[in-house]
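Trainee: Dropping the structure in here first, questions after.
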Amino acid sequence: MLAAGFTCAMCGKTEADTSKLVADHKIPHRNNPALFFDRKNLQALCATCHSSDKQKLERDQYSEIE
Ligand SMILES: [Zn+2]
């Protein structure tokens with residue numbers, strides 16, 4: 001999935017089950033394709049972190065990724 005591997009960027013947990021990792025945009029891409037497709041703007045989050053703070057802030061991004 002991501003070159004960074006399978007470690008959550010927020011809590012540092014290593015997740016062996018990649019189905020529990022979520023691709024997250026560090027900078028909200030909104031409607032900016034350059035940000036959306038920029039792999040440097042992606043990080044991996046575990047399901048726990050993804051479903052907490054990030055989801056509240058950026059809820060409408062994930063339907064495009066998952
Ligand atoms: Zn995490």
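Simple scheme: letters A, B, ... for chains in structure tokens order, numbers from 1 for residues in each chain, numbers from 1 for ligands in the order shown.
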Compile a residue-level contact table for chain A against ligand 1 at a cut-off of 12 Å, reporting for every qualifying residue the shortest atom pair and its distance in Å to one decimal, with only C-alpha atoms and all ligand atoms counted, rows ordered by chain and ascending number, as JSON lines.

Mentor:
```
{"residue": "A:Phe6", "atom": "CA", "partner": "ligand 1", "partner_atom_place_in_ligand_line": "1 (Zn)", "distance": 10.5}
{"residue": "A:Thr7", "atom": "CA", "partner": "ligand 1", "partner_atom_place_in_ligand_line": "1 (Zn)", "distance": 8.0}
{"residue": "A:Cys8", "atom": "CA", "partner": "ligand 1", "partner_atom_place_in_ligand_line": "1 (Zn)", "distance": 4.7}
{"residue": "A:Ala9", "atom": "CA", "partner": "ligand 1", "partner_atom_place_in_ligand_line": "1 (Zn)", "distance": 6.6}
{"residue": "A:Met10", "atom": "CA", "partner": "ligand 1", "partner_atom_place_in_ligand_line": "1 (Zn)", "distance": 5.1}
{"residue": "A:Cys11", "atom": "CA", "partner": "ligand 1", "partner_atom_place_in_ligand_line": "1 (Zn)", "distance": 4.2}
{"residue": "A:Gly12", "atom": "CA", "partner": "ligand 1", "partner_atom_place_in_ligand_line": "1 (Zn)", "distance": 6.2}
{"residue": "A:Lys13", "atom": "CA", "partner": "ligand 1", "partner_atom_place_in_ligand_line": "1 (Zn)", "distance": 5.8}
{"residue": "A:Thr14", "atom": "CA", "partner": "ligand 1", "partner_atom_place_in_ligand_line": "1 (Zn)", "distance": 8.4}
{"residue": "A:Glu15", "atom": "CA", "partner": "ligand 1", "partner_atom_place_in_ligand_line": "1 (Zn)", "distance": 8.8}
{"residue": "A:Lys20", "atom": "CA", "partner": "ligand 1", "partner_atom_place_in_ligand_line": "1 (Zn)", "distance": 10.0}
{"residue": "A:Leu21", "atom": "CA", "partner": "ligand 1", "partner_atom_place_in_ligand_line": "1 (Zn)", "distance": 8.7}
{"residue": "A:Val22", "atom": "CA", "partner": "ligand 1", "partner_atom_place_in_ligand_line": "1 (Zn)", "distance": 9.8}
{"residue": "A:Ala23", "atom": "CA", "partner": "ligand 1", "partner_atom_place_in_ligand_line": "1 (Zn)", "distance": 11.8}
{"residue": "A:Asp24", "atom": "CA", "partner": "ligand 1", "partner_atom_place_in_ligand_line": "1 (Zn)", "distance": 11.5}
{"residue": "A:Gln43", "atom": "CA", "partner": "ligand 1", "partner_atom_place_in_ligand_line": "1 (Zn)", "distance": 11.0}
{"residue": "A:Ala44", "atom": "CA", "partner": "ligand 1", "partner_atom_place_in_ligand_line": "1 (Zn)", "distance": 8.5}
{"residue": "A:Leu45", "atom": "CA", "partner": "ligand 1", "partner_atom_place_in_ligand_line": "1 (Zn)", "distance": 5.3}
{"residue": "A:Cys46", "atom": "CA", "partner": "ligand 1", "partner_atom_place_in_ligand_line": "1 (Zn)", "distance": 4.3}
{"residue": "A:Ala47", "atom": "CA", "partner": "ligand 1", "partner_atom_place_in_ligand_line": "1 (Zn)", "distance": 6.7}
{"residue": "A:Thr48", "atom": "CA", "partner": "ligand 1", "partner_atom_place_in_ligand_line": "1 (Zn)", "distance": 5.6}
{"residue": "A:Cys49", "atom": "CA", "partner": "ligand 1", "partner_atom_place_in_ligand_line": "1 (Zn)", "distance": 4.3}
{"residue": "A:His50", "atom": "CA", "partner": "ligand 1", "partner_atom_place_in_ligand_line": "1 (Zn)", "distance": 7.1}
{"residue": "A:Ser51", "atom": "CA", "partner": "ligand 1", "partner_atom_place_in_ligand_line": "1 (Zn)", "distance": 9.4}
{"residue": "A:Ser52", "atom": "CA", "partner": "ligand 1", "partner_atom_place_in_ligand_line": "1 (Zn)", "distance": 9.4}
{"residue": "A:Asp53", "atom": "CA", "partner": "ligand 1", "partner_atom_place_in_ligand_line": "1 (Zn)", "distance": 10.5}
{"residue": "A:Lys54", "atom": "CA", "partner": "ligand 1", "partner_atom_place_in_ligand_line": "1 (Zn)", "distance": 10.5}
```

Trainee: Mind writing the picked residues with N, CA and C atoms as a PDB file, in the first residue's frame?

Mentor:
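Contents of the output file part.pdb:
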```pdb
ATOM      1  N   PHE A   6       3.947  -0.541   7.394  1.00  0.00           N
ATOM      2  CA  PHE A   6       2.687  -0.850   8.045  1.00  0.00           C
ATOM      3  C   PHE A   6       2.649  -0.365   9.482  1.00  0.00           C
ATOM      4  N   THR A   7       3.240   0.794   9.681  1.00  0.00           N
ATOM      5  CA  THR A   7       3.246   1.383  11.016  1.00  0.00           C
ATOM      6  C   THR A   7       2.335   2.609  11.040  1.00  0.00           C
ATOM      7  N   CYS A   8       1.513   2.695  12.052  1.00  0.00           N
ATOM      8  CA  CYS A   8       0.619   3.842  12.178  1.00  0.00           C
ATOM      9  C   CYS A   8       1.421   5.118  12.405  1.00  0.00           C
ATOM     10  N   ALA A   9       1.123   6.136  11.617  1.00  0.00           N
ATOM     11  CA  ALA A   9       1.858   7.393  11.704  1.00  0.00           C
ATOM     12  C   ALA A   9       1.487   8.192  12.951  1.00  0.00           C
ATOM     13  N   MET A  10       0.375   7.894  13.567  1.00  0.00           N
ATOM     14  CA  MET A  10      -0.047   8.661  14.743  1.00  0.00           C
ATOM     15  C   MET A  10       0.408   8.011  16.045  1.00  0.00           C
ATOM     16  N   CYS A  11       0.169   6.714  16.217  1.00  0.00           N
ATOM     17  CA  CYS A  11       0.488   6.081  17.492  1.00  0.00           C
ATOM     18  C   CYS A  11       1.727   5.190  17.415  1.00  0.00           C
ATOM     19  N   GLY A  12       2.235   4.917  16.191  1.00  0.00           N
ATOM     20  CA  GLY A  12       3.446   4.136  16.037  1.00  0.00           C
ATOM     21  C   GLY A  12       3.248   2.641  16.137  1.00  0.00           C
ATOM     22  N   LYS A  13       2.025   2.213  16.284  1.00  0.00           N
ATOM     23  CA  LYS A  13       1.724   0.796  16.363  1.00  0.00           C
ATOM     24  C   LYS A  13       1.995   0.120  15.019  1.00  0.00           C
ATOM     25  N   THR A  14       2.625  -1.049  15.070  1.00  0.00           N
ATOM     26  CA  THR A  14       2.818  -1.836  13.859  1.00  0.00           C
ATOM     27  C   THR A  14       1.633  -2.768  13.679  1.00  0.00           C
ATOM     28  N   GLU A  15       1.039  -2.666  12.503  1.00  0.00           N
ATOM     29  CA  GLU A  15      -0.164  -3.448  12.243  1.00  0.00           C
ATOM     30  C   GLU A  15       0.128  -4.471  11.155  1.00  0.00           C
ATOM     31  N   LYS A  20      -6.462  -3.364   8.282  1.00  0.00           N
ATOM     32  CA  LYS A  20      -6.797  -2.459   9.386  1.00  0.00           C
ATOM     33  C   LYS A  20      -6.059  -1.125   9.288  1.00  0.00           C
ATOM     34  N   LEU A  21      -5.256  -0.976   8.256  1.00  0.00           N
ATOM     35  CA  LEU A  21      -4.595   0.306   8.038  1.00  0.00           C
ATOM     36  C   LEU A  21      -5.365   1.112   7.003  1.00  0.00           C
ATOM     37  N   VAL A  22      -5.300   2.416   7.182  1.00  0.00           N
ATOM     38  CA  VAL A  22      -6.042   3.302   6.299  1.00  0.00           C
ATOM     39  C   VAL A  22      -5.080   4.338   5.739  1.00  0.00           C
ATOM     40  N   ALA A  23      -5.173   4.617   4.457  1.00  0.00           N
ATOM     41  CA  ALA A  23      -4.386   5.690   3.855  1.00  0.00           C
ATOM     42  C   ALA A  23      -5.014   7.028   4.221  1.00  0.00           C
ATOM     43  N   ASP A  24      -4.182   7.892   4.766  1.00  0.00           N
ATOM     44  CA  ASP A  24      -4.678   9.183   5.230  1.00  0.00           C
ATOM     45  C   ASP A  24      -3.889  10.303   4.557  1.00  0.00           C
ATOM     46  N   GLN A  43      -0.094   9.027   4.577  1.00  0.00           N
ATOM     47  CA  GLN A  43       0.468   8.304   5.700  1.00  0.00           C
ATOM     48  C   GLN A  43      -0.502   7.173   6.050  1.00  0.00           C
ATOM     49  N   ALA A  44       0.040   6.152   6.732  1.00  0.00           N
ATOM     50  CA  ALA A  44      -0.801   5.043   7.145  1.00  0.00           C
ATOM     51  C   ALA A  44      -1.258   5.248   8.583  1.00  0.00           C
ATOM     52  N   LEU A  45      -2.525   5.058   8.827  1.00  0.00           N
ATOM     53  CA  LEU A  45      -3.070   5.107  10.180  1.00  0.00           C
ATOM     54  C   LEU A  45      -3.727   3.776  10.502  1.00  0.00           C
ATOM     55  N   CYS A  46      -3.621   3.359  11.774  1.00  0.00           N
ATOM     56  CA  CYS A  46      -4.354   2.168  12.178  1.00  0.00           C
ATOM     57  C   CYS A  46      -5.835   2.514  12.316  1.00  0.00           C
ATOM     58  N   ALA A  47      -6.653   1.495  12.364  1.00  0.00           N
ATOM     59  CA  ALA A  47      -8.098   1.728  12.411  1.00  0.00           C
ATOM     60  C   ALA A  47      -8.499   2.535  13.642  1.00  0.00           C
ATOM     61  N   THR A  48      -7.786   2.316  14.747  1.00  0.00           N
ATOM     62  CA  THR A  48      -8.119   3.019  15.980  1.00  0.00           C
ATOM     63  C   THR A  48      -7.935   4.525  15.827  1.00  0.00           C
ATOM     64  N   CYS A  49      -6.778   4.925  15.309  1.00  0.00           N
ATOM     65  CA  CYS A  49      -6.519   6.355  15.127  1.00  0.00           C
ATOM     66  C   CYS A  49      -7.413   6.929  14.035  1.00  0.00           C
ATOM     67  N   HIS A  50      -7.568   6.171  12.983  1.00  0.00           N
ATOM     68  CA  HIS A  50      -8.387   6.644  11.872  1.00  0.00           C
ATOM     69  C   HIS A  50      -9.809   6.938  12.308  1.00  0.00           C
ATOM     70  N   SER A  51     -10.323   6.099  13.202  1.00  0.00           N
ATOM     71  CA  SER A  51     -11.722   6.252  13.590  1.00  0.00           C
ATOM     72  C   SER A  51     -11.900   7.262  14.711  1.00  0.00           C
ATOM     73  N   SER A  52     -10.793   7.832  15.185  1.00  0.00           N
ATOM     74  CA  SER A  52     -10.918   8.834  16.242  1.00  0.00           C
ATOM     75  C   SER A  52     -10.788  10.241  15.681  1.00  0.00           C
ATOM     76  N   ASP A  53      -9.681  10.912  15.935  1.00  0.00           N
ATOM     77  CA  ASP A  53      -9.561  12.320  15.590  1.00  0.00           C
ATOM     78  C   ASP A  53      -9.689  12.602  14.103  1.00  0.00           C
ATOM     79  N   LYS A  54      -8.954  11.822  13.326  1.00  0.00           N
ATOM     80  CA  LYS A  54      -8.888  12.123  11.911  1.00  0.00           C
ATOM     81  C   LYS A  54     -10.257  12.052  11.241  1.00  0.00           C
TER      82      LYS A  54
END
```

Trainee: From a DSSP pass on the backbone, collect the residues of range 9-44 of chain A flagged as strand (DSSP E or B) and hand them back as an MDAnalysis selection string.

Mentor: chainID A and resid 14 21:25 42:44

Trainee: Any idea what the distance is between CA of Arg39 in chain A and CA of Ser19 in chain A?

Mentor: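 Pair CA of Arg39 in chain A / CA of Ser19 in chain A returns 18.9 Å.
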